[in-house]
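See structure below.
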Amino acid sequence: MTRIELIGLFEKTATEIAERDIKGLSELTEISTLGIDSLGILELVGEMEKQLGIQLPDDQLVGLTKIGDLLDLVEKRRQLAS
């Protein structure tokens, strides 16, 4: 899965969780600007983990501010899983 496809997955999942249309995101988009609370972010990450078949350690999620930071972690975990 390419980074563009991962951003698409993030947008789709964020849209479902926020119950509003979230589009036009980039790797530089600040996660905090999406209007999703911390519980929603955890739900979003959990859904991405399920769809991608990976596990993102909670301690590595702390401090992620941009979508690109999350994608870096996702790609790292996908490489470890394969």
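The way I read the labels, and the way they are meant: chains A, B, ... in the order of the structure tokens, residue 1 as the first residue of every chain, and ligand 1 as the first ligand shown, with later ones counted on from there.
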Give me every alpha helix (DSSP H) residue in chain A, going by DSSP on the backbone, as a PyMOL selection string.
chain A and resi 3-18+38-52+58-61+67-81
Just want the 12 Å neighbourhood of A:Leu34, counted on only C-alpha atoms, with same-chain residues fewer than 6 positions away dropped. Output as JSON, numbers by chain.
{"A": [10, 11, 14, 15, 17, 18, 19, 20, 21, 22, 23, 24, 25, 26, 40, 41, 44, 65, 66, 67]}
All residues 12 Å or closer to stretch 53-58 of chain A, only C-alpha atoms, same chain fewer than 3 positions away omitted, as a ChimeraX atom specification
/A:41-42,44-50,61-64,70-82
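Between atom CA of A:Gln60 and atom CA of A:Gly8 the separation is 22.0 Å.
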At what distance in Å, to one decimal, does atom CA of A:Leu6 lie from atom CA of A:Glu30?
15.7 Å
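Closest approach to A:Ile4 among A:Gln51, A:Gly35, A:Gly68, A:Asp59 is made by A:Gly68 (distances from only C-alpha atoms).
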